[in-house]
Structures are given as C-alpha cells and as structure tokens.
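For reference, the structure discussed in these notes is given below.
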Amino acid sequence: MAVTAGRAAVVAGVGPSQGLGAALARRFAAAGKTVFIVGRTLHRLQQVAEEIEQSGGRAIPVVADATREEDVSALFSVVDRFGFEMDLLTCTVDKNHPESLPETSRELFESLWRANCLAAFLLGREAAFRMRRQGKGTIIFTGASASLRARPPFIAFASAKFALRALAQGMAREFGPEGIHVAHVVIDGVIDGERARRQFPDLVAGKGEEGLIRPESIADLYWQLHCQPPDAWTHELDVRPHKESF
C-alpha cells in the first residue's frame, strides 16, 4: 500500500495490540497515513509497529510519557524532523483507579488529573501550534461516561475527565475558526481490550460479547470524524453498545 506523502497522524496512548490506541494506529495507517505511535512501553510499540508494517503501512514508535512536558516536546521534535504535515492527533492517554473520596490521597487525585487532563493539554497545545500554521487538522480527545457524571468510587477520575471535556470545548472554540477540528468522544461502555479483560474480568464477563465496544469500531468512528467536511463538524458525540443502558 502506498503511503500518503507528507501526511502523518500522531496516536498518543498506545499500549497493547488489543487496545484502542493500537486500533487507531492501524486504522489511520490503512488509510495511508504515516503514524507516530506514542506510549511508555517500547516493546508494545514495536509490536504494533510491526503489525502495521506487515500490513503495508508505516508506523514510527516513539517512547514518551505524555504527562511530562519535556517528553511531549521531544515527541513533536521527532515528528518535525521527519518533515511530515501532521493533520491528525488522537489522545487516548488515561488512568483510572476506583477509590472512595475519604480514602483518595492527594497523590492519587493528582496522578489521575495528570494522565486524563494534563497529558491532553500538552499534546493538544503542541498539535494546535503546528496545525494553525497549516490552517487545518483534527484533534480528537477520548472521554468517558465520567466526563458527564461523577459517581463514587470514581470521583477523582470524573473530575479529571470533566476537566478534559472543558479543555476540548475551549480548544474547539478557539481553534475551530482557524480550520482545526477539535472533537471529544464519550466512550460510554467497556472497550473490549486487553486492559479491561485483565483489570475487570468479572465486569467483562458480565457484559457479554455484545455488551463490549470493539476498538476497531471506535477507530472507524474517529476516522469518520477526521473526514468530516468543515461545514458539518461534530464536536462531541457518545458511543455505546446497543445493550448498554443510559
């Protein structure tokens, strides 16, 4: 498959092959983009990159902690050195830990905010800086049910996801007139990936196969957002399995 010259996507938050970040990277590579896959674990990035290369795409792994400003700056320096026009950024960086509020430490509260909001700010700021010079681009942030409602024992997680939603709204209003499409996707359900199956096996089993969201389905949705014409942009949408109550 021929790679589209000069066009690249940055996918931040790539973990295991069976996960949303990896599914996004595969989808964008299949559409012809060179994909910079970003995560904290080199061997996982290499596995995803090899899968993409074997399918005829191009992927460039970059190890970075998106909560660290110096790592994010280094990431975009790598993208700049390759000379691509980066017109798509997706951020799936997140962290979740259930805890009652009285038992929530300041360190836990801050770590959830750093992963779910600060990382998005750092990535979004760098991407918007470059995209505004181009006059176009797409930035997609990944939200959750907790972006809209806070319930124990996920109050700290929800506060961070609320902040992410505010960041996405503000960026959409600031950069939309400059040709940058900023979207926020509320994932209202359990993604059928390695992480959920490892951390919440009972919950996954209770949902059943039709009660989970396939990462590939979300990836298709993100690609559709990127392809929307500027006279009909979606800023926020929610997605859930047909069996999920809401």
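How things are named: the first chain in the structure tokens is A, the next is B, and so on; residues count from 1 in each chain; ligands count from 1 in the order shown.
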
What's around range 189-202 of chain A at 7 Å? Count only C-alpha atoms, leave out sequence neighbours fewer than 5 positions away in its own chain, and write the answer as a PDB file with N, CA and C atoms, in the first residue's frame.
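And here is the file that came out, around.pdb:
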ATOM      1  N   PRO A  16      -1.235  -2.117  24.586  1.00  0.00           N
ATOM      2  CA  PRO A  16      -1.229  -3.449  23.986  1.00  0.00           C
ATOM      3  C   PRO A  16      -1.858  -3.456  22.592  1.00  0.00           C
ATOM      4  N   GLN A  18      -4.138  -5.325  21.462  1.00  0.00           N
ATOM      5  CA  GLN A  18      -5.591  -5.382  21.582  1.00  0.00           C
ATOM      6  C   GLN A  18      -6.037  -4.241  22.484  1.00  0.00           C
ATOM      7  N   GLY A  19      -6.032  -3.036  21.920  1.00  0.00           N
ATOM      8  CA  GLY A  19      -6.415  -1.851  22.662  1.00  0.00           C
ATOM      9  C   GLY A  19      -6.798  -0.746  21.707  1.00  0.00           C
ATOM     10  N   LEU A 212     -19.790  -5.236  24.831  1.00  0.00           N
ATOM     11  CA  LEU A 212     -18.496  -4.570  24.793  1.00  0.00           C
ATOM     12  C   LEU A 212     -18.344  -3.802  23.484  1.00  0.00           C
ATOM     13  N   ILE A 213     -17.466  -2.794  23.493  1.00  0.00           N
ATOM     14  CA  ILE A 213     -17.202  -1.995  22.294  1.00  0.00           C
ATOM     15  C   ILE A 213     -15.890  -2.465  21.676  1.00  0.00           C
ATOM     16  N   ARG A 214     -15.928  -2.856  20.427  1.00  0.00           N
ATOM     17  CA  ARG A 214     -14.710  -3.266  19.739  1.00  0.00           C
ATOM     18  C   ARG A 214     -13.829  -2.046  19.461  1.00  0.00           C
ATOM     19  N   PRO A 215     -12.549  -2.106  19.750  1.00  0.00           N
ATOM     20  CA  PRO A 215     -11.662  -0.971  19.447  1.00  0.00           C
ATOM     21  C   PRO A 215     -11.706  -0.569  17.981  1.00  0.00           C
ATOM     22  N   ARG A 240     -21.825   3.812  22.505  1.00  0.00           N
ATOM     23  CA  ARG A 240     -22.033   2.731  23.480  1.00  0.00           C
ATOM     24  C   ARG A 240     -22.583   1.511  22.747  1.00  0.00           C
ATOM     25  N   PRO A 241     -22.433   0.327  23.337  1.00  0.00           N
ATOM     26  CA  PRO A 241     -23.066  -0.865  22.758  1.00  0.00           C
ATOM     27  C   PRO A 241     -24.578  -0.769  22.845  1.00  0.00           C
ATOM     28  N   GLU A 244     -26.083  -1.392  26.244  1.00  0.00           N
ATOM     29  CA  GLU A 244     -25.715  -0.547  27.377  1.00  0.00           C
ATOM     30  C   GLU A 244     -26.847   0.404  27.743  1.00  0.00           C
TER      31      GLU A 244
END

Query raised in the report: Residues at most 9 Å from Ala120 in chain A, counting only C-alpha atoms, excluding those fewer than 3 positions away in the same chain, as a PyMOL selection string?
Result: chain A and resi 66-67+91-93+114-117+123-125+141+164+167-168

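Between CA of Leu88 in chain A and CA of Lys136 in chain A the interatomic distance comes to 9.3 Å.
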
Query raised in the report: What is the CA of Thr90 in chain A to CA of Ala9 in chain A distance in Å?
Result: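 According to the coordinates, CA of Thr90 in chain A and CA of Ala9 in chain A are separated by 8.0 Å.
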
Query - Neighbour list for Thr138 in chain A as a PyMOL selection string, cut-off 7 Å, only C-alpha atoms, skip fewer than 3 positions in-chain - result: chain A and resi 87-89+180-182+226

Keeping only C-alpha atoms, write the selected residues to a file as a PDB file, in the first residue's frame.
ATOM      1  CA  ASP A  87      -3.045  16.715  10.333  1.00  0.00           C
ATOM      2  CA  LEU A  88      -4.413  14.281  12.923  1.00  0.00           C
ATOM      3  CA  LEU A  89      -3.824  13.774  16.639  1.00  0.00           C
ATOM      4  CA  ILE A 180      -8.767  22.909  13.288  1.00  0.00           C
ATOM      5  CA  HIS A 181     -11.447  20.365  14.108  1.00  0.00           C
ATOM      6  CA  VAL A 182     -11.403  19.502  17.833  1.00  0.00           C
ATOM      7  CA  HIS A 226     -11.374  13.300  10.706  1.00  0.00           C
TER       8      HIS A 226
END

Report task. For range 42-55 of chain A, list every protein, DNA or RNA residue within 9 Å, evaluated using only C-alpha atoms, and leave out those in the same chain fewer than 2 positions away; present the list as a list in words. Result ->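 Within the cut-off, the hits are Met1, Val14, Gly15, Pro16, Ser17, Ala22, Ala25, Arg26, Ala29, Ala30, Val35, Ile37, Val38, Gly39, Arg40, Gly57, Arg58, Ala59, Ile60, Pro61, Val62 and Val63 of chain A.
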